[in-house]
Amino acid sequence: MAQRGLAAYFEQYVSNYSTFLNKKALQTNFVPDQIVHRDDQIEQLGKILAPTLKKEKPSNVLLYGKTGTGKTVTIKHVTNQLLSVAEKSKAPLKVLYLNCKLKKIADTEYRLIAQLARDLNKAVPATGLPTDEVYKIFHSVIDEREQIILLILDEIDHLIKRAEDEILYNLTRINEELKQAQVAIIGISNDAKFLDNLDPRVRSSLSEEGIVFPPYNALQIKDILAYRAGMAFRENSLEAGVIEKCAAYAARDHGDARRAIELLRVAAEIAERNGTTAVSLEHIDEAEEKIERDYIIEIVATQPKQYQCITYAIIKLLHATKEPVLTGEVYDIYRQLCNRVGLRPLTQRRISDILAELDMLGIIQGRVVSKGRHGRTREISLATQQEVTNKIKQMLEEELDLT
DNA sequence: GTCAATTCACATGAAAGAGACCACGGTCTAGTG
DNA sequence: CTAGACCGTGGTCTCTTTCATGTGAATTGACGA
């Protein structure tokens, strides 16, 4: 777009008929007034949490369910209602929500506690203090007055994976040391099995109550989409079958409502950008590709240099050989690449771990195979489409300054 | 041909080091009245 | 006298390295038919 045309484009953009009425309704952090197909869970949660309004500590709860089954939305909905009643009746209730997956915020013991203290308006340095010092600060802040604190730990399984379960142990015992306040923990987990490798004491106290969120089926996703679309779009801005198609896509991989909503949002954005007034079925196909593509490219782009170097080595090697490549081969190419780029090469041990990480991220596909006399190794191939691979390659060449 | 032993090329684990970041307390320094 | 600059110490946290151990089937070579 030539610069002169930009203003004209903006003007046209503003005057353009917009498909969206309320874009927020399709964003991932939106909490709707009504939660479709989760009546049972809401009722259960409500019953469990109601005692907070009478200054009684409720049971600790654990919510299970795959991604996109409405766990987070449901708990937020329930706590919002709870808070509004508490405000009216002057019940001393505080809700702290924390997503344990967020890097640099809540993925270690220290950070978690520090973040909680910060949420209670107590400044805590990002690092430098002994961990038990932070615990003391946290205790004193909570115990300032008589109150009930609902501590919502989203993606709680990430805490276990990273550190030992000491954090959870300390948290479950926290009430014993408090005089005035009381803390109830609401854990949210994607992984139903995560309780198994937990200290038995923590397990029992953490899961006094459990609520299961089963995956949505295609029909339910359709209802959810229809509800959200009703809020987000003008009438007649969706062609027939659009919602059904989105629902079908999402139901295909384990009923993830979040993906379905995102798909619809991206499709609508594409439609809007193209200047059409309605979202069509083709837009959905396009949106699905775009989501996939953006996701991978974004991940690769934000990786550290070493990771990018390894990714590039794999792409290069696969271009040359076509076969799945092996760890040792990748390592050789990687070392050469490091020389060219001016990076200090890491040991093979580390590369092995990094390859496993790239596999987890879905950038590559690795399979550990034993080749008999020729040892055990990882067979690596790319997980992306040719077109995406080329884009990644191009991006990495710029990023790593390879000409 | 059969079978157990061997062997390869890494995978996977555990522990410890390096270096960045930060708070805190003590000491020094320069500016102020 | 005091505010601010400047150490040194001690803490967390991530990324790496080092050292050790594990692994599973192709290969080998002895053995018997």
# chains A, B, ... in the order shown; residues from 1 in each chain; ligands from 1
call {"tool": "residues_around", "arguments": {"residues": "Ala271 (chain A)", "least_positions_apart": "5", "cutoff": "9 Å", "atoms": "only C-alpha atoms (C1' of nucleotides)", "output": "list in words"}}
result
Thr19, Val266, Thr276, Thr277, Ala278, Val279, Ser280 and His283 of chain A
call {"tool": "write_last_selection", "arguments": {"atoms": "all heavy atoms", "output": "short mmCIF file (atom, residue, chain, number, x, y, z; two decimals), in the first residue's frame"}}
result
data_model
loop_
_atom_site.label_atom_id
_atom_site.label_comp_id
_atom_site.auth_asym_id
_atom_site.auth_seq_id
_atom_site.Cartn_x
_atom_site.Cartn_y
_atom_site.Cartn_z
N THR A 19 -18.61 -5.97 10.29
CA THR A 19 -19.28 -7.22 10.58
C THR A 19 -19.54 -7.36 12.06
O THR A 19 -20.50 -7.97 12.49
CB THR A 19 -18.39 -8.40 10.15
OG1 THR A 19 -17.58 -7.97 9.07
CG2 THR A 19 -19.23 -9.57 9.72
N VAL A 266 -11.39 -15.16 13.98
CA VAL A 266 -10.41 -14.92 12.92
C VAL A 266 -11.09 -14.92 11.56
O VAL A 266 -10.78 -14.09 10.71
CB VAL A 266 -9.30 -15.98 12.99
CG1 VAL A 266 -8.35 -15.85 11.81
CG2 VAL A 266 -8.52 -15.85 14.28
N THR A 276 -15.94 -7.91 2.76
CA THR A 276 -17.24 -8.56 2.56
C THR A 276 -18.12 -8.29 3.78
O THR A 276 -17.63 -7.97 4.86
CB THR A 276 -17.10 -10.08 2.38
OG1 THR A 276 -16.23 -10.55 3.40
CG2 THR A 276 -16.54 -10.41 1.03
N THR A 277 -19.40 -8.44 3.58
CA THR A 277 -20.32 -8.10 4.67
C THR A 277 -20.73 -9.32 5.47
O THR A 277 -21.37 -9.20 6.51
CB THR A 277 -21.59 -7.43 4.13
OG1 THR A 277 -22.11 -8.27 3.10
CG2 THR A 277 -21.27 -6.06 3.59
N ALA A 278 -20.41 -10.51 4.98
CA ALA A 278 -20.80 -11.71 5.72
C ALA A 278 -19.66 -12.70 5.76
O ALA A 278 -18.81 -12.74 4.86
CB ALA A 278 -22.02 -12.34 5.06
N VAL A 279 -19.64 -13.47 6.81
CA VAL A 279 -18.60 -14.49 6.95
C VAL A 279 -19.06 -15.74 6.20
O VAL A 279 -20.16 -16.23 6.43
CB VAL A 279 -18.37 -14.83 8.43
CG1 VAL A 279 -17.29 -15.88 8.56
CG2 VAL A 279 -18.03 -13.58 9.20
N SER A 280 -18.22 -16.25 5.33
CA SER A 280 -18.62 -17.41 4.55
C SER A 280 -17.82 -18.64 4.98
O SER A 280 -16.89 -18.55 5.78
CB SER A 280 -18.39 -17.14 3.06
OG SER A 280 -17.00 -17.11 2.81
N HIS A 283 -14.09 -18.50 4.43
CA HIS A 283 -13.34 -17.72 5.42
C HIS A 283 -12.88 -18.59 6.57
O HIS A 283 -11.84 -18.37 7.16
CB HIS A 283 -14.20 -16.56 5.95
CG HIS A 283 -14.41 -15.49 4.94
ND1 HIS A 283 -15.60 -14.82 4.80
CD2 HIS A 283 -13.59 -14.98 4.00
CE1 HIS A 283 -15.51 -13.93 3.83
NE2 HIS A 283 -14.28 -14.02 3.32
#
call {"tool": "closest_atom_pairs", "arguments": {"of": "chain A", "to": "chain C", "cutoff": "9 Å", "atoms": "only C-alpha atoms (C1' of nucleotides)", "output": "Markdown table"}}
result
| residue | atom | partner | partner_atom | distance |
| --- | --- | --- | --- | --- |
| A:Thr108 | CA | C:DC13 | C1' | 8.8 |
| A:Tyr110 | CA | C:DT12 | C1' | 7.8 |
| A:Thr127 | CA | C:DT12 | C1' | 5.9 |
| A:Gly128 | CA | C:DG11 | C1' | 5.1 |
| A:Leu129 | CA | C:DG11 | C1' | 5.7 |
| A:Pro130 | CA | C:DG11 | C1' | 5.4 |
| A:Thr131 | CA | C:DT12 | C1' | 8.2 |
| A:Leu346 | CA | C:DT16 | C1' | 7.8 |
| A:Thr347 | CA | C:DT17 | C1' | 7.5 |
| A:Arg349 | CA | C:DT17 | C1' | 8.6 |
| A:Arg350 | CA | C:DT16 | C1' | 7.3 |
| A:Val369 | CA | C:DG24 | C1' | 8.4 |
| A:Ser370 | CA | C:DG24 | C1' | 5.7 |
| A:Lys371 | CA | C:DA25 | C1' | 6.3 |
| A:Gly372 | CA | C:DA25 | C1' | 3.9 |
| A:Arg373 | CA | C:DA26 | C1' | 4.5 |
| A:His374 | CA | C:DA26 | C1' | 7.2 |
| A:Gly375 | CA | C:DG24 | C1' | 8.4 |
| A:Arg376 | CA | C:DT23 | C1' | 7.5 |
call {"tool": "write_last_selection", "arguments": {"atoms": "N, CA, C and O atoms", "output": "tab-separated table (two decimals), in the first residue's frame"}}
result
chain	number	residue	atom	x	y	z
A	108	THR	N	7.14	-20.25	39.53
A	108	THR	CA	7.96	-20.83	40.59
A	108	THR	C	7.33	-20.47	41.93
A	108	THR	O	6.46	-19.61	41.99
A	110	TYR	N	8.55	-18.91	44.54
A	110	TYR	CA	8.78	-17.52	44.93
A	110	TYR	C	7.84	-16.59	44.18
A	110	TYR	O	7.14	-15.76	44.75
A	127	THR	N	12.89	-10.42	42.84
A	127	THR	CA	13.86	-11.43	43.29
A	127	THR	C	14.71	-10.79	44.39
A	127	THR	O	14.63	-9.61	44.62
A	128	GLY	N	15.51	-11.60	45.04
A	128	GLY	CA	16.41	-11.04	46.03
A	128	GLY	C	16.07	-11.44	47.45
A	128	GLY	O	16.97	-11.55	48.29
A	129	LEU	N	14.81	-11.69	47.74
A	129	LEU	CA	14.45	-12.08	49.09
A	129	LEU	C	14.46	-13.60	49.22
A	129	LEU	O	14.20	-14.30	48.26
A	130	PRO	N	14.75	-14.10	50.41
A	130	PRO	CA	14.58	-15.53	50.63
A	130	PRO	C	13.10	-15.89	50.51
A	130	PRO	O	12.24	-15.08	50.82
A	131	THR	N	12.84	-17.11	50.06
A	131	THR	CA	11.45	-17.48	49.80
A	131	THR	C	10.58	-17.42	51.04
A	131	THR	O	9.45	-16.97	51.00
A	346	LEU	N	26.44	-25.30	21.82
A	346	LEU	CA	26.12	-26.00	23.07
A	346	LEU	C	26.48	-27.47	22.92
A	346	LEU	O	26.74	-27.96	21.83
A	347	THR	N	26.47	-28.16	24.04
A	347	THR	CA	26.81	-29.59	24.00
A	347	THR	C	25.65	-30.40	23.41
A	347	THR	O	24.52	-29.96	23.37
A	349	ARG	N	24.28	-32.90	24.68
A	349	ARG	CA	23.29	-33.18	25.72
A	349	ARG	C	22.17	-32.15	25.72
A	349	ARG	O	21.00	-32.44	25.82
A	350	ARG	N	22.59	-30.90	25.64
A	350	ARG	CA	21.60	-29.81	25.65
A	350	ARG	C	20.75	-29.84	24.40
A	350	ARG	O	19.54	-29.63	24.43
A	369	VAL	N	13.84	-43.80	18.20
A	369	VAL	CA	13.86	-45.14	17.65
A	369	VAL	C	15.21	-45.79	17.93
A	369	VAL	O	16.21	-45.11	18.09
A	370	SER	N	15.18	-47.08	18.00
A	370	SER	CA	16.43	-47.80	18.14
A	370	SER	C	16.79	-48.40	16.79
A	370	SER	O	15.99	-49.10	16.18
A	371	LYS	N	17.98	-48.06	16.33
A	371	LYS	CA	18.41	-48.58	15.04
A	371	LYS	C	19.41	-49.71	15.23
A	371	LYS	O	20.42	-49.80	14.54
A	372	GLY	N	19.12	-50.53	16.21
A	372	GLY	CA	19.94	-51.71	16.45
A	372	GLY	C	21.40	-51.39	16.67
A	372	GLY	O	21.73	-50.55	17.51
A	373	ARG	N	22.21	-51.99	15.89
A	373	ARG	CA	23.66	-51.78	16.01
A	373	ARG	C	24.02	-50.31	15.86
A	373	ARG	O	25.02	-49.85	16.36
A	374	HIS	N	23.18	-49.60	15.14
A	374	HIS	CA	23.49	-48.19	14.90
A	374	HIS	C	22.90	-47.29	15.99
A	374	HIS	O	22.68	-46.10	15.76
A	375	GLY	N	22.63	-47.88	17.11
A	375	GLY	CA	22.29	-47.07	18.27
A	375	GLY	C	20.87	-46.58	18.34
A	375	GLY	O	20.01	-46.94	17.55
A	376	ARG	N	20.66	-45.75	19.33
A	376	ARG	CA	19.34	-45.20	19.60
A	376	ARG	C	19.39	-43.72	19.33
A	376	ARG	O	20.32	-43.03	19.73
call {"tool": "interface_residues", "arguments": {"of": "chain B", "to": "chain A", "cutoff": "8 Å", "atoms": "only C-alpha atoms (C1' of nucleotides)", "output": "CSV table (one decimal) with C-alpha atoms (C1' of nucleotides), in the first residue's frame"}}
result
chain,number,residue,atom,x,y,z
B,7,DT,C1',27.5,-52.9,20.5
B,8,DC,C1',26.3,-48.5,19.0
B,9,DA,C1',24.5,-43.7,19.3
B,10,DC,C1',22.3,-41.5,21.5
B,11,DA,C1',18.2,-40.8,25.3
B,21,DC,C1',19.1,-10.1,38.5
B,22,DC,C1',17.9,-8.1,42.9
B,23,DA,C1',17.5,-6.6,48.2
call {"tool": "atom_distance", "arguments": {"atom1": "CA of Ala313 (chain A)", "atom2": "CA of Val330 (chain A)"}}
result
6.2 Å
call {"tool": "select_by_dssp", "arguments": {"residues": "region 29-181 of chain A", "states": "strand (DSSP E)", "output": "ChimeraX atom specification"}}
result
/A:61-65,93-99,148-154
call {"tool": "write_last_selection", "arguments": {"atoms": "N, CA, C and O atoms", "output": "PDB file, in the first residue's frame"}}
result
ATOM      1  N   VAL A  61     -11.460 -26.982  46.235  1.00  0.00           N
ATOM      2  CA  VAL A  61     -12.087 -27.617  45.069  1.00  0.00           C
ATOM      3  C   VAL A  61     -11.048 -27.822  43.986  1.00  0.00           C
ATOM      4  O   VAL A  61     -10.097 -27.042  43.853  1.00  0.00           O
ATOM      5  N   LEU A  62     -11.238 -28.858  43.223  1.00  0.00           N
ATOM      6  CA  LEU A  62     -10.382 -29.093  42.075  1.00  0.00           C
ATOM      7  C   LEU A  62     -11.278 -29.254  40.849  1.00  0.00           C
ATOM      8  O   LEU A  62     -12.217 -30.043  40.864  1.00  0.00           O
ATOM      9  N   LEU A  63     -11.003 -28.486  39.815  1.00  0.00           N
ATOM     10  CA  LEU A  63     -11.787 -28.589  38.580  1.00  0.00           C
ATOM     11  C   LEU A  63     -10.952 -29.284  37.524  1.00  0.00           C
ATOM     12  O   LEU A  63      -9.823 -28.884  37.271  1.00  0.00           O
ATOM     13  N   TYR A  64     -11.512 -30.312  36.948  1.00  0.00           N
ATOM     14  CA  TYR A  64     -10.792 -31.002  35.878  1.00  0.00           C
ATOM     15  C   TYR A  64     -11.479 -30.800  34.552  1.00  0.00           C
ATOM     16  O   TYR A  64     -12.694 -30.701  34.492  1.00  0.00           O
ATOM     17  N   GLY A  65     -10.717 -30.903  33.501  1.00  0.00           N
ATOM     18  CA  GLY A  65     -11.312 -30.874  32.174  1.00  0.00           C
ATOM     19  C   GLY A  65     -10.271 -30.470  31.156  1.00  0.00           C
ATOM     20  O   GLY A  65      -9.335 -29.742  31.483  1.00  0.00           O
ATOM     21  N   LEU A  93     -14.807 -10.919  51.562  1.00  0.00           N
ATOM     22  CA  LEU A  93     -14.383 -11.965  50.637  1.00  0.00           C
ATOM     23  C   LEU A  93     -13.410 -11.383  49.618  1.00  0.00           C
ATOM     24  O   LEU A  93     -13.602 -10.294  49.100  1.00  0.00           O
ATOM     25  N   LYS A  94     -12.362 -12.130  49.347  1.00  0.00           N
ATOM     26  CA  LYS A  94     -11.397 -11.714  48.323  1.00  0.00           C
ATOM     27  C   LYS A  94     -11.171 -12.877  47.390  1.00  0.00           C
ATOM     28  O   LYS A  94     -11.059 -14.020  47.831  1.00  0.00           O
ATOM     29  N   VAL A  95     -11.118 -12.593  46.103  1.00  0.00           N
ATOM     30  CA  VAL A  95     -10.825 -13.652  45.144  1.00  0.00           C
ATOM     31  C   VAL A  95      -9.517 -13.312  44.445  1.00  0.00           C
ATOM     32  O   VAL A  95      -9.355 -12.212  43.914  1.00  0.00           O
ATOM     33  N   LEU A  96      -8.592 -14.230  44.481  1.00  0.00           N
ATOM     34  CA  LEU A  96      -7.332 -14.037  43.768  1.00  0.00           C
ATOM     35  C   LEU A  96      -7.265 -15.063  42.652  1.00  0.00           C
ATOM     36  O   LEU A  96      -7.381 -16.254  42.894  1.00  0.00           O
ATOM     37  N   TYR A  97      -7.077 -14.579  41.441  1.00  0.00           N
ATOM     38  CA  TYR A  97      -6.978 -15.495  40.312  1.00  0.00           C
ATOM     39  C   TYR A  97      -5.552 -15.460  39.786  1.00  0.00           C
ATOM     40  O   TYR A  97      -4.969 -14.401  39.599  1.00  0.00           O
ATOM     41  N   LEU A  98      -4.999 -16.628  39.577  1.00  0.00           N
ATOM     42  CA  LEU A  98      -3.615 -16.678  39.117  1.00  0.00           C
ATOM     43  C   LEU A  98      -3.465 -17.816  38.123  1.00  0.00           C
ATOM     44  O   LEU A  98      -3.872 -18.946  38.385  1.00  0.00           O
ATOM     45  N   ASN A  99      -2.903 -17.502  36.987  1.00  0.00           N
ATOM     46  CA  ASN A  99      -2.640 -18.556  36.012  1.00  0.00           C
ATOM     47  C   ASN A  99      -1.198 -19.022  36.165  1.00  0.00           C
ATOM     48  O   ASN A  99      -0.264 -18.276  35.908  1.00  0.00           O
ATOM     49  N   ILE A 148     -12.117 -14.065  54.108  1.00  0.00           N
ATOM     50  CA  ILE A 148     -12.002 -15.340  53.397  1.00  0.00           C
ATOM     51  C   ILE A 148     -11.338 -15.052  52.062  1.00  0.00           C
ATOM     52  O   ILE A 148     -11.734 -14.120  51.358  1.00  0.00           O
ATOM     53  N   ILE A 149     -10.354 -15.842  51.744  1.00  0.00           N
ATOM     54  CA  ILE A 149      -9.687 -15.637  50.467  1.00  0.00           C
ATOM     55  C   ILE A 149      -9.873 -16.868  49.606  1.00  0.00           C
ATOM     56  O   ILE A 149      -9.577 -17.982  50.025  1.00  0.00           O
ATOM     57  N   LEU A 150     -10.384 -16.639  48.404  1.00  0.00           N
ATOM     58  CA  LEU A 150     -10.494 -17.734  47.441  1.00  0.00           C
ATOM     59  C   LEU A 150      -9.303 -17.632  46.507  1.00  0.00           C
ATOM     60  O   LEU A 150      -9.151 -16.651  45.793  1.00  0.00           O
ATOM     61  N   LEU A 151      -8.507 -18.641  46.543  1.00  0.00           N
ATOM     62  CA  LEU A 151      -7.298 -18.612  45.735  1.00  0.00           C
ATOM     63  C   LEU A 151      -7.505 -19.534  44.547  1.00  0.00           C
ATOM     64  O   LEU A 151      -7.577 -20.750  44.700  1.00  0.00           O
ATOM     65  N   ILE A 152      -7.621 -18.946  43.367  1.00  0.00           N
ATOM     66  CA  ILE A 152      -7.866 -19.757  42.174  1.00  0.00           C
ATOM     67  C   ILE A 152      -6.552 -19.962  41.443  1.00  0.00           C
ATOM     68  O   ILE A 152      -5.927 -19.008  40.988  1.00  0.00           O
ATOM     69  N   LEU A 153      -6.127 -21.182  41.355  1.00  0.00           N
ATOM     70  CA  LEU A 153      -4.876 -21.479  40.666  1.00  0.00           C
ATOM     71  C   LEU A 153      -5.200 -22.193  39.360  1.00  0.00           C
ATOM     72  O   LEU A 153      -5.524 -23.375  39.347  1.00  0.00           O
ATOM     73  N   ASP A 154      -5.116 -21.433  38.281  1.00  0.00           N
ATOM     74  CA  ASP A 154      -5.421 -22.005  36.976  1.00  0.00           C
ATOM     75  C   ASP A 154      -4.207 -22.770  36.469  1.00  0.00           C
ATOM     76  O   ASP A 154      -3.080 -22.376  36.715  1.00  0.00           O
TER      77      ASP A 154
END
call {"tool": "select_by_dssp", "arguments": {"residues": "region 76-299 of chain A", "states": "alpha helix (DSSP H)", "output": "MDAnalysis selection string"}}
result
chainID A and resid 76:88 109:119 131:142 157:162 166:172 174:177 200:206 218:232 242:252 257:274 281:299
call {"tool": "residues_around", "arguments": {"residues": "Glu323 (chain A)", "least_positions_apart": "3", "cutoff": "12 Å", "atoms": "only C-alpha atoms (C1' of nucleotides)", "output": "list in words"}}
result
Ile314, Ile315, Lys316, Leu317, Leu318, His319, Ala320, Leu326, Glu329, Glu379, Ile380, Ser381 and Leu382 of chain A
call {"tool": "write_last_selection", "arguments": {"atoms": "C-alpha atoms", "output": "short mmCIF file (atom, residue, chain, number, x, y, z; two decimals), in the first residue's frame"}}
result
data_model
loop_
_atom_site.label_atom_id
_atom_site.label_comp_id
_atom_site.auth_asym_id
_atom_site.auth_seq_id
_atom_site.Cartn_x
_atom_site.Cartn_y
_atom_site.Cartn_z
CA ILE A 314 16.87 -29.15 10.74
CA ILE A 315 15.11 -27.34 7.92
CA LYS A 316 18.30 -27.16 5.94
CA LEU A 317 19.10 -30.79 6.47
CA LEU A 318 15.63 -31.89 5.51
CA HIS A 319 15.83 -29.88 2.33
CA ALA A 320 18.96 -31.77 1.39
CA LEU A 326 18.92 -37.95 13.24
CA GLU A 329 23.36 -35.15 11.90
CA GLU A 379 14.18 -39.38 14.08
CA ILE A 380 13.24 -35.80 13.34
CA SER A 381 10.92 -34.43 10.72
CA LEU A 382 9.08 -31.14 10.43
#
call {"tool": "residues_around", "arguments": {"residues": "region 253-262 of chain A", "least_positions_apart": "4", "cutoff": "8 Å", "atoms": "only C-alpha atoms (C1' of nucleotides)", "output": "JSON, numbers by chain"}}
result
{"A": [26, 27, 28, 66, 67, 68, 69, 70, 215, 216, 217, 218, 221, 224, 225, 246, 247, 249, 266]}
call {"tool": "residues_around", "arguments": {"residues": "DA30 (chain B)", "least_positions_apart": "4", "cutoff": "12 Å", "atoms": "only C-alpha atoms (C1' of nucleotides)", "output": "PyMOL selection string"}}
result
chain C and resi 2-5
call {"tool": "write_last_selection", "arguments": {"atoms": "N, CA and C atoms (P, O5', C5', C4', C3', O3' and C1' of nucleotides)", "output": "mmCIF file, in the first residue's frame"}}
result
data_model
loop_
_atom_site.group_PDB
_atom_site.id
_atom_site.type_symbol
_atom_site.label_atom_id
_atom_site.label_comp_id
_atom_site.auth_asym_id
_atom_site.auth_seq_id
_atom_site.Cartn_x
_atom_site.Cartn_y
_atom_site.Cartn_z
ATOM 1 P P DT C 2 20.321 13.870 60.808
ATOM 2 O "O5'" DT C 2 20.346 13.793 59.219
ATOM 3 C "C5'" DT C 2 20.151 14.993 58.464
ATOM 4 C "C4'" DT C 2 20.329 14.675 56.992
ATOM 5 C "C3'" DT C 2 19.821 13.295 56.592
ATOM 6 O "O3'" DT C 2 19.152 13.383 55.349
ATOM 7 C "C1'" DT C 2 22.061 13.530 55.941
ATOM 8 P P DA C 3 18.011 12.357 54.985
ATOM 9 O "O5'" DA C 3 18.095 12.367 53.400
ATOM 10 C "C5'" DA C 3 18.325 13.603 52.716
ATOM 11 C "C4'" DA C 3 19.146 13.349 51.464
ATOM 12 C "C3'" DA C 3 18.711 12.108 50.676
ATOM 13 O "O3'" DA C 3 18.729 12.437 49.297
ATOM 14 C "C1'" DA C 3 20.990 11.895 51.295
ATOM 15 P P DG C 4 18.153 11.409 48.237
ATOM 16 O "O5'" DG C 4 19.473 10.836 47.575
ATOM 17 C "C5'" DG C 4 20.425 11.743 47.035
ATOM 18 C "C4'" DG C 4 21.715 11.018 46.771
ATOM 19 C "C3'" DG C 4 21.559 9.718 45.976
ATOM 20 O "O3'" DG C 4 22.453 9.775 44.882
ATOM 21 C "C1'" DG C 4 22.892 9.358 47.892
ATOM 22 P P DA C 5 22.539 8.596 43.798
ATOM 23 O "O5'" DA C 5 24.018 8.067 44.068
ATOM 24 C "C5'" DA C 5 25.095 8.996 44.044
ATOM 25 C "C4'" DA C 5 26.399 8.266 44.277
ATOM 26 C "C3'" DA C 5 26.558 6.996 43.452
ATOM 27 O "O3'" DA C 5 27.910 6.901 43.018
ATOM 28 C "C1'" DA C 5 26.641 6.444 45.763
#
call {"tool": "decode", "arguments": {"residues": "region 38-92 of chain A", "atoms": "C-alpha atoms", "output": "compact mmCIF listing (two decimals), in the first residue's frame"}}
result
# COMPACT_ATOMS: atom_id res chain seq x y z
CA ARG A 38 -22.50 -25.80 32.31
CA ASP A 39 -25.50 -25.58 34.62
CA ASP A 40 -24.53 -28.61 36.69
CA GLN A 41 -21.01 -27.42 37.32
CA ILE A 42 -22.16 -23.92 38.18
CA GLU A 43 -24.66 -25.28 40.65
CA GLN A 44 -22.12 -27.54 42.30
CA LEU A 45 -19.59 -24.76 42.55
CA GLY A 46 -22.20 -22.43 43.93
CA LYS A 47 -23.12 -24.86 46.67
CA ILE A 48 -19.53 -25.42 47.60
CA LEU A 49 -18.60 -21.76 47.67
CA ALA A 50 -21.74 -20.35 49.26
CA PRO A 51 -20.42 -20.65 52.86
CA THR A 52 -17.92 -17.89 52.08
CA LEU A 53 -20.79 -15.44 52.38
CA LYS A 54 -21.19 -16.45 56.01
CA LYS A 55 -17.50 -16.08 56.72
CA GLU A 56 -16.99 -19.81 56.66
CA LYS A 57 -14.17 -21.38 54.80
CA PRO A 58 -15.45 -23.52 51.92
CA SER A 59 -13.86 -26.80 50.89
CA ASN A 60 -10.94 -26.77 48.56
CA VAL A 61 -12.09 -27.62 45.07
CA LEU A 62 -10.38 -29.09 42.07
CA LEU A 63 -11.79 -28.59 38.58
CA TYR A 64 -10.79 -31.00 35.88
CA GLY A 65 -11.31 -30.87 32.17
CA LYS A 66 -9.50 -30.57 28.88
CA THR A 67 -8.68 -27.17 27.41
CA GLY A 68 -11.65 -25.23 26.19
CA THR A 69 -14.22 -26.97 28.34
CA GLY A 70 -15.21 -23.82 30.13
CA LYS A 71 -13.43 -24.27 33.44
CA THR A 72 -11.97 -20.80 33.64
CA VAL A 73 -15.06 -19.06 32.38
CA THR A 74 -17.24 -20.96 34.81
CA ILE A 75 -15.15 -20.19 37.86
CA LYS A 76 -14.90 -16.56 36.89
CA HIS A 77 -18.61 -16.37 36.38
CA VAL A 78 -19.35 -17.95 39.75
CA THR A 79 -16.86 -15.83 41.65
CA ASN A 80 -18.14 -12.67 39.99
CA GLN A 81 -21.63 -13.43 41.21
CA LEU A 82 -20.28 -14.33 44.59
CA LEU A 83 -18.37 -11.09 44.84
CA SER A 84 -21.34 -8.96 43.90
CA VAL A 85 -23.43 -10.55 46.63
CA ALA A 86 -20.57 -10.30 49.09
CA GLU A 87 -20.28 -6.63 48.38
CA LYS A 88 -23.92 -6.04 49.15
CA SER A 89 -23.87 -8.01 52.34
CA LYS A 90 -20.45 -6.69 53.31
CA ALA A 91 -18.98 -10.16 53.57
CA PRO A 92 -15.19 -9.96 53.73
